[in-house]
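Inspection log for the structure reproduced underneath, given as structure tokens.
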Amino acid sequence: MAVLQMQRISICALKKNRKAILERLQELGAMEIDIQLEDDSGYVKMDVSNSKAKFEKQAQTADRALEILQQYVPEKTSMLASLAGKPLIDKGLFEKAARSQDNYIETARRIVALDKQIAEQKANILKIQNQMEALTPWMGLSVPVNYKGTRKTSVLIGTIAGAAGLEDIYSLIAKSAPEVDAVDVQVLSTDKDYTYLAAVCLTKDVHLVEEALRAGGFAKPAQAVNKVPAEYRKELQAEMDASIQKVEALEKEIADNAGSRQDIRLVSDYYRIRAEKYEVLGRVPQTVNTFALSGYVPAYRAEKVIREFSDRFDAVVELEKIKEEEEPPILLKNNRFSESVEGVLASFGLPGKGEMDPTFFTSIFYVFLFGLMLSDAAYGLIVALACGWALLKFPRMDKNLRKSVQLFFWCGLSTLVWGILFGGYFGDVIDVVSETFFGHKVSIPALWFVPLNEPMRMLLYSMLFGVIHLFTGLALKGYICLRDKKYVDFVCDCVLWFLLLLGLIGMLLPTDLFAGIAGTKIVFPAAVSAGAKWFAIIGALGILLMSGRDNKNFGVRIALGAYDLYNITGWLSDVLSYSRLLALGLATGVIASVVNQMASMGGRNIFGVIIFILVFLVGHTFNIGINLLGAYVHTCRLQYVEFFGKFYDGGGRAFNPFNLKTKYVDIKEEN
């Protein structure tokens, strides 16, 4: 349980070794670049924005090509493939990709270009389909849609609103243009919105006929082509068939490049690494012959870095202690058990400067309280076995994901233990199955007690565990005060609160109120009862007088002390928060019991067995899922609010080393 010590490291070397030094730093992944030079007046910095943008664009092109391959030639992966992590490759294979980068990226560009052509062809197909659909109502025409007529006759082709018959159209013309007696109308098609027609009349009457038709909402086609609709449709169909064949050919060409998927992944990571290197290069101060680097390195790796660059590159490497005003990055170091909770801690905030790493204590209480909330042996065994199998099956699982799976493995074991203590095995499934299908009840007795039968007892133990959790937080605050030699703060902010709280607890336990809740009477010797009262009095007076000790005004000081003393209600609220241990534990057991009772309603027959199995699987799957989520959320809440609230602020910045940040593969380190 430690925040690893950081040291500032500065490297000054010849400019000719710049590329090799940056690449080696990237391979080591031991240094976070944070250049801070007291005097940089003699240095210049390179403008690498174009080069960096070029590498980023090439990496994006490769990523896009991989997405296209996945779209047209999906890789067959299992449901658990996301747990496998990135494959580990030899450095030689990666160097080969670097040498063949032009060929690999050209393949990626070709795939992207093919996808663009497919999109263009599909857009053309859609356009043709729309054109063919627009032609459908005009298929009865034997002349082009834009046909105007002959020298003595005119043709009006268009639509009128609504569904109309020939009689309606002739009546419309007769009403609006009674002087016209030579007109022939053909209804081509109708739908609920329009009637498609062609009207032939003498050229001298065309304006009268058109005006008459306009009274019925006549409109000419928006896109009138100079072709007979039936013939034009055949041309469009041929063009669409050609586009479909083109799409199939392009898709086949993309599929033929599926074997290049690994090469494209390698070149994508290669350009990603180069972009990262150039980002650093743009911040490096340089002279004509030298350059300088500065940043943070974990103290335990500092000597190796010094030897590496001093001996290999003849560089000048210096170590410095972190200055008072600096905020160094945070890197945690914990054992296998405790490191699983680092993700939970990081979600709240890494330790700030000067703060202790609470991961060890957090891990103990987290696993303990999680198991108490879920508290079913069968559920715990399932979770532990599933997570244990995943950890063994996928050794290259992502580091952060592995920590999370490890956390649930330990939580599963804790749940198993609590389930045995409380006698919970899929709730009361053993009792229900034995009584329903075998005619006599068989039970596995709890090693401790059954919370469903003794909820008040469970509530008392929940409060007890809460008090221990909170007191541990207060004790850690005291440790921090002693470590920082703040002895007055230790006495005033920790010892006095311990006296007050222990005194109040000692006064509460012998009361009838507590006896009514606990079901048992506790009697202390007179000396203990008197000691509890004096503890409470001394603690309360000390807090009243000393909480505002930084203020010289006595009245304000007492007011601040009274306000701080009022915080005793906050402690009461915090302790009551641990009643969620009872609530979550009972919820798991009650839902499991209800599921078992519902499953057994089919009775003692084949149909009943089938119903039992189905309801059992569905119900308990739901129960374990919802209560796993509840246990996770509420355990985090107890850590963040109640526990951390006593001694921990967080706000630290994670150590972000300059390393090989890849997306698809990990590169095997050389021995």
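For the structure tokens, the naming scheme is as follows: chains receive sequential letters (A, B, ...) according to their order of presentation, residues are indexed from 1 within each chain, and ligands are indexed from 1 in presentation order.
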
inquiry  = Residues near Phe409 in chain A, anyone? I mean within 10 Å using only C-alpha atoms, not counting same-chain ones fewer than 6 positions away, as number ranges by chain.
reply    = A: 340, 367, 380-391, 403, 415

ask   = Neighbours of range 527-540 of chain A within 12 Å (only C-alpha atoms; same-chain residues fewer than 6 positions away dropped), as a VMD selection string?
value = chain A and resid 491 to 511 546 to 547 558 561 to 568

key: Using only C-alpha atoms: which of A:Gln262, A:Thr621, A:Thr107, A:Thr436 has the shortest distance to Pro87 in chain A   =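 That would be A:Gln262, the residue with the smallest distance to Pro87 in chain A.
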
task = Could you give me, as a PyMOL selection string, the residues within 12 Å of Thr362 in chain A, counting only C-alpha atoms and dropping anything in the same chain fewer than 2 positions from it?
result = chain A and resi 1+334+337-346+348+357-360+364-370+407+469-470+472-473+476+635-640+642-644+648

Generate a file of the selected residues that holds N, CA, C and O atoms, formatted as a compact mmCIF listing (two decimals), in the first residue's frame.
```
# COMPACT_ATOMS: atom_id res chain seq x y z
N MET A 1 0.85 -1.19 0.00
CA MET A 1 0.00 0.00 0.00
C MET A 1 0.88 1.23 0.00
O MET A 1 1.25 1.76 1.02
N ASN A 334 0.78 -2.02 -5.04
CA ASN A 334 0.08 -2.81 -4.03
C ASN A 334 0.24 -4.30 -4.34
O ASN A 334 0.62 -4.69 -5.44
N PHE A 337 -3.75 -8.82 -4.06
CA PHE A 337 -5.11 -8.69 -3.54
C PHE A 337 -5.57 -7.24 -3.59
O PHE A 337 -6.65 -6.92 -4.10
N SER A 338 -4.76 -6.34 -3.07
CA SER A 338 -5.18 -4.95 -2.92
C SER A 338 -5.24 -4.21 -4.25
O SER A 338 -6.07 -3.31 -4.43
N GLU A 339 -4.38 -4.58 -5.22
CA GLU A 339 -4.36 -3.84 -6.48
C GLU A 339 -5.68 -3.96 -7.24
O GLU A 339 -5.99 -3.14 -8.10
N SER A 340 -6.47 -4.98 -6.91
CA SER A 340 -7.74 -5.15 -7.61
C SER A 340 -8.71 -4.00 -7.32
O SER A 340 -9.66 -3.79 -8.08
N VAL A 341 -8.48 -3.26 -6.23
CA VAL A 341 -9.38 -2.17 -5.86
C VAL A 341 -8.87 -0.82 -6.38
O VAL A 341 -9.50 0.21 -6.19
N GLU A 342 -7.72 -0.82 -7.07
CA GLU A 342 -7.16 0.45 -7.54
C GLU A 342 -8.11 1.17 -8.50
O GLU A 342 -8.15 2.40 -8.53
N GLY A 343 -8.87 0.42 -9.28
CA GLY A 343 -9.84 1.04 -10.17
C GLY A 343 -10.94 1.75 -9.41
O GLY A 343 -11.40 2.83 -9.82
N VAL A 344 -11.39 1.16 -8.30
CA VAL A 344 -12.40 1.80 -7.45
C VAL A 344 -11.84 3.09 -6.87
O VAL A 344 -12.51 4.13 -6.84
N LEU A 345 -10.59 3.04 -6.42
CA LEU A 345 -9.95 4.22 -5.85
C LEU A 345 -9.78 5.30 -6.92
O LEU A 345 -10.06 6.49 -6.67
N ALA A 346 -9.34 4.90 -8.12
CA ALA A 346 -9.12 5.87 -9.19
C ALA A 346 -10.42 6.54 -9.61
O ALA A 346 -10.42 7.71 -10.02
N PHE A 348 -12.72 7.49 -7.65
CA PHE A 348 -12.92 8.58 -6.70
C PHE A 348 -11.85 9.64 -6.88
O PHE A 348 -12.13 10.84 -6.87
N ASP A 357 -1.77 6.17 0.48
CA ASP A 357 -2.53 5.30 -0.40
C ASP A 357 -3.44 4.42 0.45
O ASP A 357 -2.97 3.57 1.19
N PRO A 358 -4.77 4.61 0.36
CA PRO A 358 -5.68 3.84 1.20
C PRO A 358 -6.12 2.52 0.58
O PRO A 358 -7.07 1.89 1.06
N THR A 359 -5.44 2.09 -0.49
CA THR A 359 -5.91 0.93 -1.24
C THR A 359 -5.99 -0.33 -0.38
O THR A 359 -6.95 -1.11 -0.49
N PHE A 360 -5.01 -0.56 0.47
CA PHE A 360 -4.98 -1.79 1.28
C PHE A 360 -6.22 -1.88 2.17
O PHE A 360 -6.92 -2.90 2.18
N ILE A 364 -9.70 -4.45 1.83
CA ILE A 364 -10.21 -5.34 2.88
C ILE A 364 -11.68 -5.07 3.14
O ILE A 364 -12.52 -5.99 3.15
N PHE A 365 -12.02 -3.81 3.37
CA PHE A 365 -13.41 -3.48 3.67
C PHE A 365 -14.31 -3.67 2.46
O PHE A 365 -15.47 -4.08 2.61
N TYR A 366 -13.80 -3.40 1.27
CA TYR A 366 -14.63 -3.55 0.08
C TYR A 366 -15.07 -4.99 -0.09
O TYR A 366 -16.26 -5.28 -0.27
N VAL A 367 -14.11 -5.91 -0.06
CA VAL A 367 -14.42 -7.33 -0.24
C VAL A 367 -15.31 -7.83 0.90
O VAL A 367 -16.28 -8.58 0.68
N PHE A 368 -15.01 -7.40 2.12
CA PHE A 368 -15.78 -7.81 3.29
C PHE A 368 -17.24 -7.36 3.16
O PHE A 368 -18.19 -8.16 3.32
N LEU A 369 -17.46 -6.09 2.85
CA LEU A 369 -18.81 -5.54 2.79
C LEU A 369 -19.57 -6.02 1.56
O LEU A 369 -20.79 -6.25 1.62
N PHE A 370 -18.88 -6.21 0.45
CA PHE A 370 -19.53 -6.72 -0.76
C PHE A 370 -20.12 -8.10 -0.50
O PHE A 370 -21.28 -8.37 -0.83
N LEU A 407 -11.08 -8.27 -8.67
CA LEU A 407 -11.89 -7.74 -7.58
C LEU A 407 -13.16 -8.57 -7.40
O LEU A 407 -13.50 -8.96 -6.27
N HIS A 469 -15.54 0.35 10.49
CA HIS A 469 -15.12 0.97 9.22
C HIS A 469 -14.83 2.46 9.42
O HIS A 469 -13.77 2.98 9.00
N LEU A 470 -15.74 3.15 10.11
CA LEU A 470 -15.57 4.59 10.33
C LEU A 470 -14.41 4.88 11.26
O LEU A 470 -13.64 5.83 11.04
N THR A 472 -11.80 3.09 11.62
CA THR A 472 -10.56 2.87 10.87
C THR A 472 -10.20 4.12 10.06
O THR A 472 -9.03 4.52 10.00
N GLY A 473 -11.21 4.73 9.46
CA GLY A 473 -10.96 5.96 8.72
C GLY A 473 -10.44 7.06 9.62
O GLY A 473 -9.50 7.79 9.26
N LEU A 476 -6.84 6.33 10.52
CA LEU A 476 -5.92 6.65 9.43
C LEU A 476 -5.65 8.16 9.38
O LEU A 476 -4.54 8.58 9.07
N THR A 635 -21.40 -0.68 -2.08
CA THR A 635 -20.08 -0.82 -1.44
C THR A 635 -19.20 0.35 -1.83
O THR A 635 -18.47 0.90 -0.98
N CYS A 636 -19.24 0.76 -3.09
CA CYS A 636 -18.49 1.95 -3.51
C CYS A 636 -18.95 3.17 -2.73
O CYS A 636 -18.13 3.98 -2.28
N ARG A 637 -20.24 3.29 -2.54
CA ARG A 637 -20.78 4.45 -1.83
C ARG A 637 -20.28 4.49 -0.40
O ARG A 637 -19.92 5.56 0.12
N LEU A 638 -20.23 3.35 0.28
CA LEU A 638 -19.73 3.32 1.66
C LEU A 638 -18.26 3.71 1.73
O LEU A 638 -17.82 4.33 2.70
N GLN A 639 -17.49 3.36 0.69
CA GLN A 639 -16.08 3.75 0.66
C GLN A 639 -15.94 5.24 0.40
O GLN A 639 -15.21 5.94 1.09
N TYR A 640 -16.65 5.72 -0.62
CA TYR A 640 -16.47 7.10 -1.06
C TYR A 640 -16.98 8.12 -0.05
O TYR A 640 -16.32 9.15 0.20
N GLU A 642 -18.64 7.51 3.38
CA GLU A 642 -18.41 7.29 4.81
C GLU A 642 -16.92 7.13 5.15
O GLU A 642 -16.39 7.82 6.02
N PHE A 643 -16.24 6.23 4.44
CA PHE A 643 -14.85 5.91 4.79
C PHE A 643 -13.89 7.01 4.37
O PHE A 643 -13.18 7.59 5.19
N PHE A 644 -13.87 7.35 3.07
CA PHE A 644 -12.95 8.37 2.58
C PHE A 644 -13.24 9.74 3.19
O PHE A 644 -12.35 10.57 3.32
N TYR A 648 -9.62 11.24 3.61
CA TYR A 648 -9.05 11.19 2.25
C TYR A 648 -9.71 12.23 1.35
O TYR A 648 -10.94 12.38 1.36
```

message = Taking only C-alpha atoms into account, name the residue in A:Lys663, A:Arg18, A:Lys175, A:Arg483 that is nearest to Glu211 in chain A.
response =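 The shortest atom-to-atom distance to Glu211 in chain A comes from A:Lys175.
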
ask   = Can you tell me how far CA of Gly603 in chain A sits from CA of His440 in chain A, in Å to one decimal?
value =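 For CA of Gly603 in chain A relative to CA of His440 in chain A, the distance reads 14.0 Å.
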
Exercise: range 111-125 of chain A partners within 6 Å, only C-alpha atoms, chain neighbours under 6 positions left out, as a ChimeraX atom specification = /A:65,240,243,247

Let me see the file: selected residues, all heavy atoms, as a CSV table (one decimal), in the first residue's frame.
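Contents of the output file out10.csv:
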```csv
chain,number,residue,atom,x,y,z
A,65,ALA,N,-9.8,1.3,-42.6
A,65,ALA,CA,-9.7,0.1,-43.4
A,65,ALA,C,-10.1,-1.1,-42.6
A,65,ALA,O,-10.8,-2.0,-43.2
A,65,ALA,CB,-8.3,0.0,-44.0
A,240,MET,N,-28.8,0.0,-63.5
A,240,MET,CA,-28.8,-0.5,-62.1
A,240,MET,C,-28.1,-1.9,-62.0
A,240,MET,O,-27.4,-2.1,-61.0
A,240,MET,CB,-30.2,-0.5,-61.6
A,240,MET,CG,-30.3,-0.9,-60.1
A,240,MET,SD,-31.9,-0.7,-59.4
A,240,MET,CE,-32.7,-2.2,-60.1
A,243,SER,N,-24.5,-1.4,-62.0
A,243,SER,CA,-24.0,-0.9,-60.7
A,243,SER,C,-24.0,-2.0,-59.6
A,243,SER,O,-23.0,-2.0,-58.8
A,243,SER,CB,-24.9,0.3,-60.2
A,243,SER,OG,-24.7,1.4,-61.0
A,247,VAL,N,-20.8,-3.2,-57.6
A,247,VAL,CA,-20.7,-3.3,-56.1
A,247,VAL,C,-20.2,-4.7,-55.7
A,247,VAL,O,-19.3,-4.8,-54.8
A,247,VAL,CB,-22.1,-3.0,-55.5
A,247,VAL,CG1,-22.1,-3.4,-54.0
A,247,VAL,CG2,-22.4,-1.5,-55.7
```

task = Taking the chain letters and numbering used in this document, name the residues of range 7-55 of chain A that DSSP puts in helix (DSSP H, G or I), as number ranges by chain.
result = A: 15-28, 49-55

Residue contacts of Pro221 in chain A (10 Å, only C-alpha atoms) excluding same-chain residues fewer than 4 positions away, as a VMD selection string = chain A and resid 134 138 145 to 146 157 to 159 196 225

Given the selection you just returned, output its residues as a file containing N, CA, C and O atoms, formatted as a CSV table (one decimal), in the first residue's frame.
```
chain,number,residue,atom,x,y,z
A,134,ALA,N,-40.5,6.7,-59.9
A,134,ALA,CA,-41.2,7.9,-60.4
A,134,ALA,C,-41.8,7.6,-61.8
A,134,ALA,O,-42.8,8.3,-62.2
A,138,TRP,N,-46.3,6.4,-65.2
A,138,TRP,CA,-46.3,6.9,-66.6
A,138,TRP,C,-46.1,5.7,-67.6
A,138,TRP,O,-46.0,5.9,-68.8
A,145,VAL,N,-42.3,11.5,-72.0
A,145,VAL,CA,-43.0,12.2,-71.0
A,145,VAL,C,-43.0,13.7,-71.3
A,145,VAL,O,-44.0,14.4,-70.9
A,146,ASN,N,-42.0,14.2,-72.0
A,146,ASN,CA,-41.9,15.6,-72.3
A,146,ASN,C,-42.5,15.9,-73.7
A,146,ASN,O,-42.2,16.9,-74.3
A,157,ILE,N,-49.3,16.4,-70.7
A,157,ILE,CA,-49.1,15.3,-69.8
A,157,ILE,C,-48.8,15.8,-68.4
A,157,ILE,O,-48.0,16.7,-68.2
A,158,GLY,N,-49.5,15.3,-67.4
A,158,GLY,CA,-49.3,15.7,-66.0
A,158,GLY,C,-50.2,15.0,-65.1
A,158,GLY,O,-50.8,14.0,-65.3
A,159,THR,N,-50.5,15.7,-63.9
A,159,THR,CA,-51.3,15.1,-62.9
A,159,THR,C,-52.3,16.1,-62.4
A,159,THR,O,-52.1,17.3,-62.5
A,196,TYR,N,-52.9,10.5,-63.0
A,196,TYR,CA,-51.9,10.7,-64.0
A,196,TYR,C,-52.6,10.6,-65.4
A,196,TYR,O,-53.2,9.6,-65.7
A,225,VAL,N,-38.6,13.4,-69.1
A,225,VAL,CA,-37.5,12.9,-69.9
A,225,VAL,C,-38.0,12.8,-71.3
A,225,VAL,O,-39.1,12.6,-71.6
```

task = From the DSSP assignment of the backbone, select every residue of range 76-181 of chain A that is strand (DSSP E or B), and format the answer as a ChimeraX atom specification.
result = /A:88-89,149,153-161
